[in-house]
Amino acid sequence: MEKEEEVRLLGFWASPFTCRVKMALKLKGVPYEYLEEDLMNKSPLLLELNPVHKKVPVLVHNGKPILESNLILEYIDQTWTNNPILPQDPYDKAMARLLAKFVDEQVAPAGFRSLVKAEKGIEVAIEEARELIMFLEKEVTGKDFYGGKTIGFLDMIVGSMIPYCGVRAWEFMGIDMIPEEKFPALNRWIKKLNEGEIVRECVPPREEHIKHLKRNEERVKSAYKRQT
Ligand SMILES: N[C@@H](CCC(=O)N[C@@H](CS)C(=O)NCC(=O)O)C(=O)O
């Protein structure tokens, strides 16, 4: 990286989307300035850089804002080419992108529905979420990581969303969403993730995170009801 390069990340500590970008920057060894956002009182800088969605994360590279966590991961991978994040093979790359979309657009909302006690009842919501999570179980079966031998794109995406966000939220609701006997590969993968420095340093600290999720439970439920 050239000396004059400037890298800044606007994020929120408990955001899974911010967490995956931190993991990518850490894996690449990119130094950056981290700017924590108060999402209840967003900074003028965030509103200027992301005027449409007003969301974090935003990566700012030499003054240019890059939005959307998964696009940020791709940008990081193409800009700093050491320690590749995405698979090199075109088919594997397409599959990784497809699964990333699946995690954010299907698995995360299904997990969310199970937390807010969906209309059909909690048991149905849990089973629906598990059916989707089963695709992630199959994908990591027989592998160390989704990316193969080392942490890559999908490890960051599934990792930020499931073990370091969903599982913590399900836990305090008393839901064992991914029991070991039903999801052995996912549980083994989570143990491996926990051993990695990249992940450990970038995920929200567990106790504070659980307190934050609890505090936000009611607010999240009413926001969900307004959307449906
Ligand atoms: N699709 C976006 C989602 C980002 C997102 O939802 N960020 C949340 C924090 S976890 C946010 O900034 N929320 C503020 C708001 O909705 O006002 C991405 O992948 O970056």
# chains A, B, ... in the order shown; residues from 1 in each chain; ligands from 1
>>> closest_atom_pairs(of="chain A", to="ligand 1", cutoff="6 Å", atoms="only C-alpha atoms and all ligand atoms", output="CSV")
residue,atom,partner,partner_atom_place_in_ligand_line,distance
A:Ser15,CA,ligand 1,10 (S),3.9
A:Pro16,CA,ligand 1,10 (S),5.9
A:Phe17,CA,ligand 1,20 (O),5.3
A:Leu39,CA,ligand 1,14 (C),5.6
A:Lys55,CA,ligand 1,12 (O),3.2
A:Val56,CA,ligand 1,12 (O),4.0
A:Pro57,CA,ligand 1,20 (O),5.4
A:Glu68,CA,ligand 1,20 (O),3.6
A:Ser69,CA,ligand 1,20 (O),3.8
A:Asn70,CA,ligand 1,19 (O),5.8
>>> residues_around(residues="A:Phe12", least_positions_apart="2", cutoff="6 Å", atoms="only C-alpha atoms", output="JSON, numbers by chain")
{"A": [14, 15, 36, 37]}
>>> write_last_selection(atoms="C-alpha atoms", output="PDB file, in the first residue's frame")
ATOM      1  CA  ALA A  14     -22.475  -4.626  17.052  1.00  0.00           C
ATOM      2  CA  SER A  15     -23.214  -4.645  13.324  1.00  0.00           C
ATOM      3  CA  GLU A  36     -17.826   4.460  15.348  1.00  0.00           C
ATOM      4  CA  GLU A  37     -21.321   5.672  14.401  1.00  0.00           C
TER       5      GLU A  37
END
>>> residues_around(residues="A:Ser114", least_positions_apart="6", cutoff="6 Å", atoms="only C-alpha atoms", output="PDB file with N, CA, C and O atoms, in the first residue's frame")
ATOM      1  N   ILE A 122     -43.727 -19.692  17.003  1.00  0.00           N
ATOM      2  CA  ILE A 122     -42.273 -19.749  17.143  1.00  0.00           C
ATOM      3  C   ILE A 122     -41.681 -21.058  16.608  1.00  0.00           C
ATOM      4  O   ILE A 122     -40.647 -21.059  15.955  1.00  0.00           O
ATOM      5  N   ALA A 125     -41.444 -20.968  12.899  1.00  0.00           N
ATOM      6  CA  ALA A 125     -40.397 -20.020  12.490  1.00  0.00           C
ATOM      7  C   ALA A 125     -39.007 -20.631  12.688  1.00  0.00           C
ATOM      8  O   ALA A 125     -38.121 -20.473  11.840  1.00  0.00           O
ATOM      9  N   ILE A 126     -38.814 -21.356  13.785  1.00  0.00           N
ATOM     10  CA  ILE A 126     -37.510 -21.985  14.039  1.00  0.00           C
ATOM     11  C   ILE A 126     -37.229 -23.040  12.968  1.00  0.00           C
ATOM     12  O   ILE A 126     -36.136 -23.093  12.401  1.00  0.00           O
TER      13      ILE A 126
END
>>> residues_around(residues="A:Asp155", least_positions_apart="6", cutoff="10 Å", atoms="only C-alpha atoms", output="list in words")
Arg20, Met23, Ile85, Ala96, Ala100, Val140, Phe145, Tyr146, Gly147, Gly148, Met161, Trp189, Ile190, Leu193 and Val199 of chain A
>>> write_last_selection(atoms="N, CA, C and O atoms", output="CSV table (one decimal), in the first residue's frame")
chain,number,residue,atom,x,y,z
A,20,ARG,N,-17.9,-8.0,9.3
A,20,ARG,CA,-17.3,-8.7,8.1
A,20,ARG,C,-16.2,-7.9,7.4
A,20,ARG,O,-15.2,-8.4,6.9
A,23,MET,N,-13.1,-7.9,9.4
A,23,MET,CA,-12.3,-9.2,9.2
A,23,MET,C,-11.5,-9.1,7.9
A,23,MET,O,-10.4,-9.6,7.9
A,85,ILE,N,-9.6,-13.2,-0.7
A,85,ILE,CA,-10.8,-13.5,0.1
A,85,ILE,C,-11.8,-14.3,-0.8
A,85,ILE,O,-12.4,-15.2,-0.3
A,96,ALA,N,-20.1,-18.5,-4.4
A,96,ALA,CA,-19.9,-17.8,-3.1
A,96,ALA,C,-20.8,-16.5,-3.0
A,96,ALA,O,-21.4,-16.2,-2.0
A,100,ALA,N,-23.8,-15.8,-0.4
A,100,ALA,CA,-23.7,-14.5,0.4
A,100,ALA,C,-25.1,-13.8,0.3
A,100,ALA,O,-25.6,-13.4,1.3
A,140,VAL,N,-20.5,-26.5,4.1
A,140,VAL,CA,-19.2,-26.6,4.9
A,140,VAL,C,-18.8,-28.0,5.3
A,140,VAL,O,-17.8,-28.2,5.9
A,145,PHE,N,-13.0,-24.6,6.2
A,145,PHE,CA,-13.8,-23.3,6.1
A,145,PHE,C,-14.5,-23.4,4.8
A,145,PHE,O,-14.3,-24.2,3.9
A,146,TYR,N,-15.5,-22.4,4.7
A,146,TYR,CA,-16.2,-22.3,3.4
A,146,TYR,C,-15.2,-22.0,2.3
A,146,TYR,O,-15.4,-22.5,1.2
A,147,GLY,N,-14.2,-21.3,2.6
A,147,GLY,CA,-13.2,-20.9,1.6
A,147,GLY,C,-12.1,-22.1,1.4
A,147,GLY,O,-11.2,-21.8,0.7
A,148,GLY,N,-12.3,-23.2,2.0
A,148,GLY,CA,-11.3,-24.3,1.9
A,148,GLY,C,-10.5,-24.4,3.2
A,148,GLY,O,-11.0,-24.6,4.2
A,161,MET,N,-22.8,-13.3,10.6
A,161,MET,CA,-24.3,-13.3,10.7
A,161,MET,C,-24.8,-14.4,11.7
A,161,MET,O,-25.6,-14.2,12.5
A,189,TRP,N,-17.2,-26.0,12.4
A,189,TRP,CA,-16.7,-24.8,11.7
A,189,TRP,C,-16.6,-23.6,12.7
A,189,TRP,O,-15.7,-22.8,12.7
A,190,ILE,N,-17.7,-23.5,13.5
A,190,ILE,CA,-17.7,-22.4,14.5
A,190,ILE,C,-16.5,-22.5,15.5
A,190,ILE,O,-15.8,-21.5,15.8
A,193,LEU,N,-13.5,-21.3,13.7
A,193,LEU,CA,-13.5,-19.8,13.6
A,193,LEU,C,-13.1,-19.2,14.9
A,193,LEU,O,-12.3,-18.2,14.9
A,199,VAL,N,-10.9,-13.6,13.4
A,199,VAL,CA,-12.3,-13.5,13.8
A,199,VAL,C,-12.3,-13.0,15.2
A,199,VAL,O,-13.1,-12.1,15.5
>>> atom_distance(atom1="atom CA of A:Glu171", atom2="atom CA of A:Ile72")
29.8 Å
>>> atom_distance(atom1="atom CA of A:Pro31", atom2="atom CA of A:Val7")
7.2 Å
>>> residues_around(residues="A:Tyr75", least_positions_apart="5", cutoff="12 Å", atoms="only C-alpha atoms", output="ChimeraX atom specification")
/A:21,24-25,28,58-61,64-70,80-81,84-86,153
>>> write_last_selection(atoms="N, CA, C and O atoms", output="PDB file, in the first residue's frame")
ATOM      1  N   VAL A  21     -16.464  -6.553   7.403  1.00  0.00           N
ATOM      2  CA  VAL A  21     -15.481  -5.660   6.753  1.00  0.00           C
ATOM      3  C   VAL A  21     -14.214  -5.568   7.606  1.00  0.00           C
ATOM      4  O   VAL A  21     -13.092  -5.595   7.091  1.00  0.00           O
ATOM      5  N   ALA A  24     -12.140  -8.565   6.872  1.00  0.00           N
ATOM      6  CA  ALA A  24     -11.445  -8.498   5.573  1.00  0.00           C
ATOM      7  C   ALA A  24     -10.210  -7.596   5.662  1.00  0.00           C
ATOM      8  O   ALA A  24      -9.136  -7.942   5.169  1.00  0.00           O
ATOM      9  N   LEU A  25     -10.352  -6.445   6.318  1.00  0.00           N
ATOM     10  CA  LEU A  25      -9.215  -5.518   6.433  1.00  0.00           C
ATOM     11  C   LEU A  25      -8.097  -6.142   7.269  1.00  0.00           C
ATOM     12  O   LEU A  25      -6.914  -5.987   6.987  1.00  0.00           O
ATOM     13  N   LYS A  28      -6.187  -8.781   5.289  1.00  0.00           N
ATOM     14  CA  LYS A  28      -5.280  -8.175   4.308  1.00  0.00           C
ATOM     15  C   LYS A  28      -4.164  -7.381   4.974  1.00  0.00           C
ATOM     16  O   LYS A  28      -3.241  -6.920   4.308  1.00  0.00           O
ATOM     17  N   VAL A  58     -19.500   1.911   5.848  1.00  0.00           N
ATOM     18  CA  VAL A  58     -19.023   2.637   4.668  1.00  0.00           C
ATOM     19  C   VAL A  58     -17.501   2.600   4.746  1.00  0.00           C
ATOM     20  O   VAL A  58     -16.923   2.940   5.782  1.00  0.00           O
ATOM     21  N   LEU A  59     -16.886   2.156   3.662  1.00  0.00           N
ATOM     22  CA  LEU A  59     -15.425   2.202   3.592  1.00  0.00           C
ATOM     23  C   LEU A  59     -15.065   3.437   2.767  1.00  0.00           C
ATOM     24  O   LEU A  59     -15.688   3.675   1.732  1.00  0.00           O
ATOM     25  N   VAL A  60     -14.111   4.209   3.234  1.00  0.00           N
ATOM     26  CA  VAL A  60     -13.681   5.370   2.459  1.00  0.00           C
ATOM     27  C   VAL A  60     -12.217   5.152   2.091  1.00  0.00           C
ATOM     28  O   VAL A  60     -11.362   5.033   2.970  1.00  0.00           O
ATOM     29  N   HIS A  61     -11.980   5.034   0.795  1.00  0.00           N
ATOM     30  CA  HIS A  61     -10.616   4.789   0.320  1.00  0.00           C
ATOM     31  C   HIS A  61     -10.181   5.987  -0.515  1.00  0.00           C
ATOM     32  O   HIS A  61     -10.774   6.247  -1.567  1.00  0.00           O
ATOM     33  N   LYS A  64     -12.975   8.163  -1.560  1.00  0.00           N
ATOM     34  CA  LYS A  64     -14.126   7.590  -2.286  1.00  0.00           C
ATOM     35  C   LYS A  64     -14.893   6.624  -1.387  1.00  0.00           C
ATOM     36  O   LYS A  64     -14.315   5.679  -0.841  1.00  0.00           O
ATOM     37  N   PRO A  65     -16.214   6.837  -1.238  1.00  0.00           N
ATOM     38  CA  PRO A  65     -16.979   5.922  -0.380  1.00  0.00           C
ATOM     39  C   PRO A  65     -17.377   4.651  -1.120  1.00  0.00           C
ATOM     40  O   PRO A  65     -17.776   4.702  -2.287  1.00  0.00           O
ATOM     41  N   ILE A  66     -17.286   3.534  -0.446  1.00  0.00           N
ATOM     42  CA  ILE A  66     -17.766   2.251  -0.996  1.00  0.00           C
ATOM     43  C   ILE A  66     -18.816   1.759  -0.013  1.00  0.00           C
ATOM     44  O   ILE A  66     -18.574   1.718   1.202  1.00  0.00           O
ATOM     45  N   LEU A  67     -19.992   1.391  -0.552  1.00  0.00           N
ATOM     46  CA  LEU A  67     -21.133   1.013   0.284  1.00  0.00           C
ATOM     47  C   LEU A  67     -21.455  -0.470   0.107  1.00  0.00           C
ATOM     48  O   LEU A  67     -21.049  -1.075  -0.874  1.00  0.00           O
ATOM     49  N   GLU A  68     -22.223  -0.996   1.029  1.00  0.00           N
ATOM     50  CA  GLU A  68     -22.713  -2.384   1.001  1.00  0.00           C
ATOM     51  C   GLU A  68     -21.574  -3.346   1.356  1.00  0.00           C
ATOM     52  O   GLU A  68     -20.628  -3.520   0.576  1.00  0.00           O
ATOM     53  N   SER A  69     -21.735  -4.002   2.506  1.00  0.00           N
ATOM     54  CA  SER A  69     -20.637  -4.805   3.052  1.00  0.00           C
ATOM     55  C   SER A  69     -20.042  -5.807   2.056  1.00  0.00           C
ATOM     56  O   SER A  69     -18.820  -5.917   1.956  1.00  0.00           O
ATOM     57  N   ASN A  70     -20.901  -6.515   1.309  1.00  0.00           N
ATOM     58  CA  ASN A  70     -20.344  -7.563   0.446  1.00  0.00           C
ATOM     59  C   ASN A  70     -19.604  -6.971  -0.752  1.00  0.00           C
ATOM     60  O   ASN A  70     -18.626  -7.545  -1.230  1.00  0.00           O
ATOM     61  N   TRP A  80      -6.335  -4.818  -2.504  1.00  0.00           N
ATOM     62  CA  TRP A  80      -5.160  -5.374  -1.817  1.00  0.00           C
ATOM     63  C   TRP A  80      -5.161  -6.865  -2.151  1.00  0.00           C
ATOM     64  O   TRP A  80      -5.999  -7.620  -1.633  1.00  0.00           O
ATOM     65  N   THR A  81      -4.264  -7.286  -3.010  1.00  0.00           N
ATOM     66  CA  THR A  81      -4.409  -8.607  -3.620  1.00  0.00           C
ATOM     67  C   THR A  81      -3.736  -9.745  -2.827  1.00  0.00           C
ATOM     68  O   THR A  81      -3.883 -10.902  -3.195  1.00  0.00           O
ATOM     69  N   PRO A  84      -5.985 -13.740  -0.727  1.00  0.00           N
ATOM     70  CA  PRO A  84      -7.279 -13.610  -1.408  1.00  0.00           C
ATOM     71  C   PRO A  84      -8.481 -13.967  -0.516  1.00  0.00           C
ATOM     72  O   PRO A  84      -8.395 -14.871   0.310  1.00  0.00           O
ATOM     73  N   ILE A  85      -9.557 -13.235  -0.712  1.00  0.00           N
ATOM     74  CA  ILE A  85     -10.783 -13.455   0.068  1.00  0.00           C
ATOM     75  C   ILE A  85     -11.780 -14.263  -0.762  1.00  0.00           C
ATOM     76  O   ILE A  85     -12.351 -15.237  -0.290  1.00  0.00           O
ATOM     77  N   LEU A  86     -11.971 -13.867  -2.008  1.00  0.00           N
ATOM     78  CA  LEU A  86     -12.921 -14.590  -2.877  1.00  0.00           C
ATOM     79  C   LEU A  86     -12.213 -15.748  -3.564  1.00  0.00           C
ATOM     80  O   LEU A  86     -11.013 -15.673  -3.831  1.00  0.00           O
ATOM     81  N   PHE A 153     -14.297 -15.298   1.917  1.00  0.00           N
ATOM     82  CA  PHE A 153     -15.504 -14.470   1.743  1.00  0.00           C
ATOM     83  C   PHE A 153     -16.713 -15.003   2.538  1.00  0.00           C
ATOM     84  O   PHE A 153     -17.286 -14.296   3.367  1.00  0.00           O
TER      85      PHE A 153
END
>>> select_by_dssp(residues="stretch 44-127 of chain A", states="alpha helix (DSSP H)", output="PyMOL selection string")
chain A and resi 44-49+69-79+90-102+108-115+122-127
>>> closest_residue(among="A:Gln106, A:Gly63, A:Leu154, A:Asp77", to="A:Glu4", atoms="only C-alpha atoms")
A:Gly63
>>> closest_residue(among="A:Leu9, A:Leu115, A:Leu47, A:Leu98", to="A:Glu217", atoms="only C-alpha atoms")
A:Leu115
>>> atom_distance(atom1="atom CA of A:His209", atom2="atom CA of A:Val158")
17.6 Å
>>> residues_around(residues="A:Gly166", least_positions_apart="4", cutoff="8 Å", atoms="only C-alpha atoms", output="ChimeraX atom specification")
/A:108,111,161-162,170
>>> write_last_selection(atoms="N, CA and C atoms", output="short mmCIF file (atom, residue, chain, number, x, y, z; two decimals), in the first residue's frame")
data_model
loop_
_atom_site.label_atom_id
_atom_site.label_comp_id
_atom_site.auth_asym_id
_atom_site.auth_seq_id
_atom_site.Cartn_x
_atom_site.Cartn_y
_atom_site.Cartn_z
N ALA A 108 -30.90 -14.57 7.18
CA ALA A 108 -30.97 -13.56 8.25
C ALA A 108 -32.43 -13.16 8.55
N GLY A 111 -34.11 -15.99 10.45
CA GLY A 111 -33.62 -16.04 11.84
C GLY A 111 -34.27 -14.96 12.67
N MET A 161 -22.84 -13.26 10.58
CA MET A 161 -24.29 -13.32 10.74
C MET A 161 -24.76 -14.42 11.70
N ILE A 162 -24.19 -15.61 11.59
CA ILE A 162 -24.73 -16.74 12.38
C ILE A 162 -24.08 -16.83 13.78
N TRP A 170 -30.33 -15.83 19.67
CA TRP A 170 -31.18 -17.01 19.94
C TRP A 170 -30.94 -17.51 21.36
#
>>> select_by_dssp(residues="stretch 16-204 of chain A", states="strand (DSSP E or B)", output="list in words")
Glu33, Tyr34, Leu35, Glu36, Val58, Leu59, Val60, His61, Lys64, Pro65, Ile66, Leu67, Phe145 and Gly148 of chain A
>>> residues_around(residues="A:Arg168", least_positions_apart="5", cutoff="12 Å", atoms="only C-alpha atoms", output="NGL selection string")
:A and (14 or 16 or 111 or 115 or 160-163 or 173-178 or 203-214)
